[in-house]
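Asker: One file: model-v2.txt (compact mmCIF, C-alpha atoms).
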```txt
# COMPACT_ATOMS: atom_id res chain seq x y z
CA MET A 1 0.00 0.00 0.00
CA SER A 2 1.37 3.42 -0.99
CA ILE A 3 0.64 6.90 0.35
CA THR A 4 -0.31 9.21 -2.50
CA GLY A 5 -0.51 12.95 -3.00
CA GLN A 6 -0.35 15.30 -0.03
CA GLN A 7 -2.30 13.09 2.37
CA TRP A 8 -1.10 12.85 5.94
CA CYS A 9 0.27 9.62 7.37
CA ARG A 10 0.56 8.84 11.07
CA LEU A 11 3.63 7.15 12.50
CA GLU A 12 3.24 5.64 15.96
CA PHE A 13 6.51 4.46 17.52
CA THR A 14 7.78 3.29 20.90
CA ALA A 15 10.00 0.83 22.76
CA VAL A 16 9.63 -1.69 25.59
CA SER A 17 12.22 -2.88 28.08
CA ARG A 18 12.63 -6.30 29.64
CA ARG A 19 16.00 -5.53 31.20
CA LYS A 20 14.72 -5.89 34.77
CA SER A 21 14.45 -9.61 33.97
CA ASN A 22 17.72 -9.57 31.97
CA GLY A 23 15.73 -9.37 28.74
CA PRO A 24 16.26 -7.14 25.70
CA LEU A 25 14.89 -3.82 24.55
CA GLY A 26 12.34 -4.05 21.76
CA TYR A 27 11.19 -1.28 19.47
CA GLY A 28 8.15 -1.03 17.23
CA PHE A 29 6.36 1.27 14.84
CA VAL A 30 3.07 1.33 12.97
CA LEU A 31 2.35 3.49 9.91
CA PHE A 32 -1.21 4.53 9.06
CA GLU A 33 -3.01 6.64 6.52
CA HIS A 34 -4.15 9.30 8.96
CA GLU A 35 -7.58 10.19 7.56
CA SER A 36 -8.77 6.68 6.67
CA GLY A 37 -6.93 4.89 9.47
CA ASN A 38 -5.76 2.21 7.02
CA LEU A 39 -2.73 0.26 8.19
CA VAL A 40 0.15 0.76 5.75
CA ALA A 41 3.14 -0.96 7.36
CA THR A 42 4.55 -2.23 10.64
CA GLY A 43 8.04 -2.81 11.95
CA ALA A 44 9.75 -4.15 15.05
CA GLY A 45 13.16 -5.23 16.26
CA ALA A 46 15.43 -5.77 19.25
CA VAL A 47 18.52 -3.81 20.27
CA GLY A 48 21.69 -4.67 22.16
CA ASN A 49 22.74 -3.76 25.69
CA ALA A 50 24.73 -0.74 24.50
CA VAL A 51 21.52 0.97 23.33
CA THR A 52 19.46 3.04 25.77
CA TYR A 53 15.67 3.16 25.97
CA ASN A 54 15.53 6.59 24.32
CA GLN A 55 17.85 5.41 21.55
CA ALA A 56 15.60 2.41 20.94
CA ILE A 57 12.65 4.78 20.48
CA HIS A 58 14.69 6.85 18.03
CA ILE A 59 15.55 3.69 16.11
CA ALA A 60 11.81 2.95 15.88
CA LEU A 61 11.28 6.48 14.53
CA TRP A 62 14.14 6.15 12.06
CA GLU A 63 12.98 2.78 10.75
CA GLY A 64 9.38 4.01 10.50
CA LEU A 65 10.38 7.15 8.62
CA LYS A 66 12.40 5.12 6.11
CA VAL A 67 9.30 3.04 5.37
CA ALA A 68 7.13 6.17 5.16
CA VAL A 69 9.52 7.78 2.66
CA ASP A 70 9.59 4.56 0.65
CA LYS A 71 5.79 4.65 0.54
CA GLY A 72 5.78 8.18 -0.86
CA ALA A 73 4.81 10.06 2.30
CA THR A 74 5.64 13.77 2.50
CA ARG A 75 3.51 14.79 5.50
CA VAL A 76 3.70 12.84 8.75
CA LEU A 77 2.19 13.01 12.22
CA LEU A 78 4.52 11.61 14.87
CA HIS A 79 2.87 9.92 17.86
CA CYS A 80 5.10 8.83 20.73
CA ASP A 81 4.35 8.04 24.38
CA SER A 82 7.76 9.19 25.66
CA LYS A 83 7.99 12.96 26.15
CA PRO A 84 11.81 13.03 26.58
CA SER A 85 12.34 11.07 23.37
CA LEU A 86 9.92 13.26 21.42
CA THR A 87 11.51 16.43 22.81
CA GLN A 88 14.88 15.28 21.53
CA VAL A 89 13.38 14.85 18.07
CA VAL A 90 11.96 18.38 17.83
CA SER A 91 14.51 20.29 19.94
CA GLU A 92 17.14 22.27 18.07
CA ARG A 93 19.48 22.06 21.06
CA ALA A 94 19.20 18.28 21.11
CA ALA A 95 19.74 18.21 17.36
CA ALA A 96 23.01 20.10 17.72
CA ALA A 97 24.23 17.54 20.25
CA ALA A 98 23.20 14.55 18.10
CA SER A 99 25.52 14.64 15.12
CA HIS A 100 25.21 10.92 14.38
CA GLY A 101 23.17 7.87 15.29
CA PRO A 102 19.46 7.10 14.86
CA LEU A 103 18.26 10.48 16.20
CA ALA A 104 20.37 12.42 13.71
CA ALA A 105 19.33 10.07 10.90
CA ALA A 106 15.65 10.48 11.78
CA ARG A 107 15.90 14.26 11.90
CA HIS A 108 17.68 14.23 8.54
CA LEU A 109 14.75 12.36 6.99
CA LEU A 110 12.23 14.72 8.56
CA ARG A 111 13.98 17.83 7.28
CA ASN A 112 14.95 16.58 3.85
CA GLN A 113 12.18 14.18 2.85
CA MET A 114 9.08 15.64 4.51
CA THR A 115 7.39 18.88 3.46
CA GLU A 116 5.60 19.08 6.81
CA TYR A 117 5.54 17.15 10.05
CA ARG A 118 3.79 17.40 13.39
CA ALA A 119 4.63 15.82 16.71
CA GLU A 120 2.37 14.90 19.61
CA LYS A 121 2.99 13.14 22.89
CA VAL A 122 0.26 10.53 23.44
CA ASP A 123 -0.66 8.19 26.28
CA ARG A 124 0.85 4.72 26.31
CA TRP A 125 -2.52 3.08 25.60
CA ALA A 126 -2.96 5.25 22.50
CA ASN A 127 0.31 3.84 21.17
CA GLY A 128 -0.85 0.29 21.82
CA LEU A 129 -0.25 -1.08 18.33
CA ALA A 130 3.38 0.03 18.36
CA VAL A 131 3.76 -1.41 21.86
CA MET A 132 2.48 -4.77 20.57
CA GLN A 133 5.11 -4.69 17.84
CA ALA A 134 7.89 -3.94 20.32
CA GLU A 135 6.68 -6.63 22.75
CA PHE A 136 6.62 -9.15 19.89
CA ALA A 137 10.23 -8.32 18.96
CA ALA A 138 11.45 -8.55 22.57
CA GLU A 139 9.72 -11.88 23.12
CA LEU A 140 10.98 -13.28 19.83
CA HIS A 141 14.52 -12.30 20.80
CA GLU A 142 14.22 -14.22 24.07
CA VAL A 143 12.85 -17.31 22.31
CA LEU A 144 15.67 -17.22 19.74
CA LEU A 145 18.23 -17.25 22.54
CA LYS A 146 16.47 -20.34 23.91
CA VAL A 147 16.72 -21.92 20.46
CA ALA A 148 20.47 -21.27 20.41
CA ALA A 149 20.99 -22.74 23.89
CA ALA A 150 18.64 -25.73 23.58
CA PRO A 151 20.09 -29.27 23.68
CA PRO A 152 18.50 -31.83 21.34
CA SER A 153 16.30 -33.07 24.18
CA LYS A 154 14.63 -29.63 24.32
CA TYR A 155 14.04 -29.14 20.58
CA VAL A 156 10.38 -30.15 20.79
CA SER A 157 9.67 -27.75 23.67
CA VAL A 158 11.53 -24.80 22.12
CA ALA A 159 10.04 -25.44 18.68
CA GLY A 160 6.63 -25.34 20.34
CA GLN A 161 7.36 -21.94 21.92
CA LEU A 162 8.63 -20.53 18.63
CA GLY A 163 5.71 -22.03 16.72
CA LEU A 164 3.18 -20.57 19.16
CA LEU A 165 4.72 -17.09 18.95
CA LEU A 166 4.87 -17.15 15.14
CA GLN A 167 1.53 -18.99 14.80
CA LEU A 168 3.13 -21.75 12.75
CA PRO A 169 0.99 -24.65 11.55
CA ILE A 170 1.60 -28.02 13.20
CA SER A 171 3.29 -29.37 10.07
CA ALA A 172 5.88 -26.57 10.19
CA ARG A 173 6.58 -27.24 13.86
CA ARG A 174 7.09 -30.93 13.18
CA TRP A 175 9.49 -30.12 10.35
CA LEU A 176 11.43 -27.77 12.63
CA GLU A 177 11.67 -30.35 15.42
CA GLY A 178 13.16 -32.94 13.05
CA ALA A 179 15.49 -30.66 11.09
CA ASP A 180 19.10 -31.79 10.71
CA ASP A 181 20.33 -28.34 11.73
CA PHE A 182 17.83 -27.03 14.28
CA MET A 183 19.31 -23.52 14.61
CA ASP A 184 19.58 -22.99 10.86
CA ALA A 185 16.03 -24.21 10.32
CA ALA A 186 14.72 -21.92 13.07
CA ALA A 187 16.50 -18.92 11.58
CA GLU A 188 15.06 -19.70 8.15
CA VAL A 189 11.52 -20.04 9.53
CA VAL A 190 11.72 -16.74 11.42
CA ALA A 191 13.19 -14.90 8.42
CA LEU A 192 10.45 -16.14 6.10
CA ARG A 193 7.65 -15.67 8.60
CA CYS A 194 8.63 -12.13 9.59
CA GLY A 195 10.14 -10.83 6.37
CA SER A 196 13.52 -10.28 8.01
CA ASN A 197 17.14 -10.97 7.18
CA LYS A 198 18.30 -14.50 8.04
CA ALA A 199 21.77 -13.19 8.89
CA ASP A 200 20.23 -10.87 11.50
CA ILE A 201 18.38 -13.79 13.07
CA GLU A 202 21.56 -15.87 13.22
CA ALA A 203 23.39 -12.92 14.82
CA THR A 204 20.65 -12.69 17.42
CA MET A 205 21.05 -16.36 18.27
CA ALA A 206 24.73 -15.68 18.83
CA ASN A 207 23.67 -12.69 20.98
CA LYS A 208 25.47 -10.30 18.63
CA PHE A 209 23.92 -7.05 17.47
CA ASN A 210 24.66 -4.30 15.04
CA ILE A 211 22.75 -1.09 15.85
CA ASN A 212 19.50 -3.04 15.66
CA THR A 213 18.04 -6.32 14.56
CA ALA A 214 14.86 -5.93 12.53
CA TYR A 215 12.55 -8.88 12.97
CA THR A 216 9.73 -7.52 10.88
CA THR A 217 9.29 -4.60 8.51
CA VAL A 218 6.29 -5.40 6.39
CA ASP A 219 3.75 -4.11 3.92
CA THR A 220 0.25 -4.81 5.11
CA THR A 221 -2.85 -5.17 2.94
CA ILE A 222 -6.15 -5.06 4.83
CA GLN A 223 -8.92 -7.20 3.38
CA GLN A 224 -12.65 -6.96 4.17
CA HIS A 225 -12.08 -8.09 7.74
CA PRO A 226 -9.36 -6.49 9.92
CA SER A 227 -8.05 -9.89 11.02
CA GLN A 228 -7.44 -11.06 7.45
CA THR A 229 -4.04 -9.47 6.98
CA THR A 230 -1.28 -10.67 4.69
CA THR A 231 2.37 -9.77 4.63
CA GLN A 232 4.44 -9.38 1.50
CA VAL A 233 7.71 -11.29 1.82
CA GLY A 234 10.15 -10.86 -1.04
CA THR A 235 8.33 -10.44 -4.35
CA SER A 236 5.85 -13.27 -4.59
CA GLN A 237 5.21 -15.06 -1.29
CA GLU A 238 2.53 -14.10 1.22
CA HIS A 239 2.49 -15.04 4.90
CA THR A 240 0.28 -14.08 7.80
CA ASN A 241 2.07 -11.68 10.11
CA PRO A 242 1.26 -12.70 13.71
CA ALA A 243 2.35 -9.32 15.04
CA VAL A 244 -0.37 -7.37 13.23
CA VAL A 245 -3.39 -9.68 13.19
CA GLY A 246 -4.46 -8.65 16.69
CA ALA A 247 -3.28 -5.11 16.03
CA ASN A 248 -5.75 -4.70 13.17
CA VAL A 249 -8.65 -5.75 15.38
CA LEU A 250 -7.57 -3.31 18.07
CA ASN A 251 -7.16 -0.54 15.50
CA ASN A 252 -10.67 -1.16 14.18
CA GLN A 253 -12.08 -0.92 17.71
CA ARG A 254 -10.18 2.27 18.34
CA GLN A 255 -11.49 3.83 15.12
CA GLN A 256 -15.04 3.08 16.23
CA GLN A 257 -14.38 4.72 19.60
CA GLN A 258 -12.88 7.77 17.92
CA GLN A 259 -15.96 8.15 15.72
CA GLN A 260 -18.07 8.31 18.87
CA GLN A 261 -15.82 11.02 20.33
CA PRO A 262 -15.53 13.85 17.74
CA PRO A 263 -13.50 16.24 19.98
CA LEU A 264 -10.75 13.62 20.47
CA ARG A 265 -10.72 12.78 16.77
CA GLN A 266 -10.42 16.47 15.88
CA GLN A 267 -7.51 16.84 18.29
CA GLN A 268 -5.70 13.97 16.55
CA LYS A 269 -6.15 15.60 13.14
CA ASP A 270 -4.78 18.94 14.33
CA PRO A 271 -2.11 18.36 16.99
CA PRO A 272 -1.19 21.48 18.98
CA VAL A 273 2.48 21.51 17.98
CA CYS A 274 3.52 21.85 14.35
CA PHE A 275 7.01 21.64 12.91
CA CYS A 276 7.57 22.28 9.22
CA THR A 277 10.60 21.81 7.04
CA GLN A 278 11.75 24.25 4.45
```
Could you render the structure as structure tokens?

Answerer:
Amino acid sequence: MSITGQQWCRLEFTAVSRRKSNGPLGYGFVLFEHESGNLVATGAGAVGNAVTYNQAIHIALWEGLKVAVDKGATRVLLHCDSKPSLTQVVSERAAAAASHGPLAAARHLLRNQMTEYRAEKVDRWANGLAVMQAEFAAELHEVLLKVAAAPPSKYVSVAGQLGLLLQLPISARRWLEGADDFMDAAAEVVALRCGSNKADIEATMANKFNINTAYTTVDTTIQQHPSQTTTQVGTSQEHTNPAVVGANVLNNQRQQQQQQQPPLRQQQKDPPVCFCTQ
């Protein structure tokens, strides 16, 4: 799905942390057509221990903006539930201090690829779809580490956890359990299922990161029912994306609630803070 003309798109982005339980940071974003509420694309990934929570949010913004630019967007509404992270995006002082990294890259896209952008701090619940993406990425990272550490006696159990998270059919789980190279087969399944790079998945299993590991960055086509969502992988294959099936249902419910509350809907169309590029 592409964004045409001068229509606004809405980019919701956030991060989640599981570091209190020695887990990873996950980031996620969701791109919508703002007026229609149609879901255009989603993305999620996990980041290494050297990356802070704010940096993970900026990675989500950067990755989301790259997809928005690729879809032809020139006007974007930024919705984030972290005020410090959003302030760093729009603050000139913060921009001067960030000469490189995801924040600088995101600001570069905003200033050079967008004709207009607006930013609004929203409640965590209002960013729920992006949170779901980030949670999915963090949980998938933890399961992949279990795959890497599992002895042959645990293959069935770990394959079950991975299959449940990715909503794999029973036949695919059985194939994974009996694969000659369990780790390689798991990496291939995740890469195909999520539209990600197999090398990134293998690096995750080895607990090695670049700046980020993208588990899913997908085009989403909504059919007649919100739950019937397909993901384009490569050029010809289609797979159901488990990270957005529930998100579409939640988005549909939220649209219905917004229609019943005109003042809130109007506030979303015209956020109080506007930042425009030259």

Asker: So which residues touch Leu165 (chain A) within 10 Å, counting only C-alpha atoms, skipping near sequence neighbours fewer than 2 positions away, as a list in words?

Answerer: Phe136, Glu139, Leu140, Val143, Ala159, Gly160, Gln161, Leu162, Gly163, Gln167, Leu168, Pro242 and Ala243 of chain A

Asker: Within 10 Å of Leu25 (chain A), counting all atoms listed in the file, which residues show up once you throw out same-chain ones fewer than 2 positions away? Write them as number ranges by chain, please.

Answerer: A: 15-19, 22-23, 27, 45-49, 51-53, 56-57, 134-135, 137-139, 141

Asker: Record the distance separating CA of Asn207 (chain A) and CA of Val147 (chain A), expressed in Å with one decimal.

Answerer: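 Answer for the CA of Asn207 (chain A) to CA of Val147 (chain A) separation: 11.6 Å.
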
Asker: Can you measure CA of Gly128 (chain A) to CA of Gln7 (chain A) for me? One decimal in Å is fine.

Answerer: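 CA of Gln7 (chain A) lies at a distance of 23.3 Å from CA of Gly128 (chain A).
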
Asker: To one decimal place in Å, what is the distance between CA of Ala126 (chain A) and CA of Phe13 (chain A)?

Answerer: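 Those two atoms sit 10.7 Å apart.
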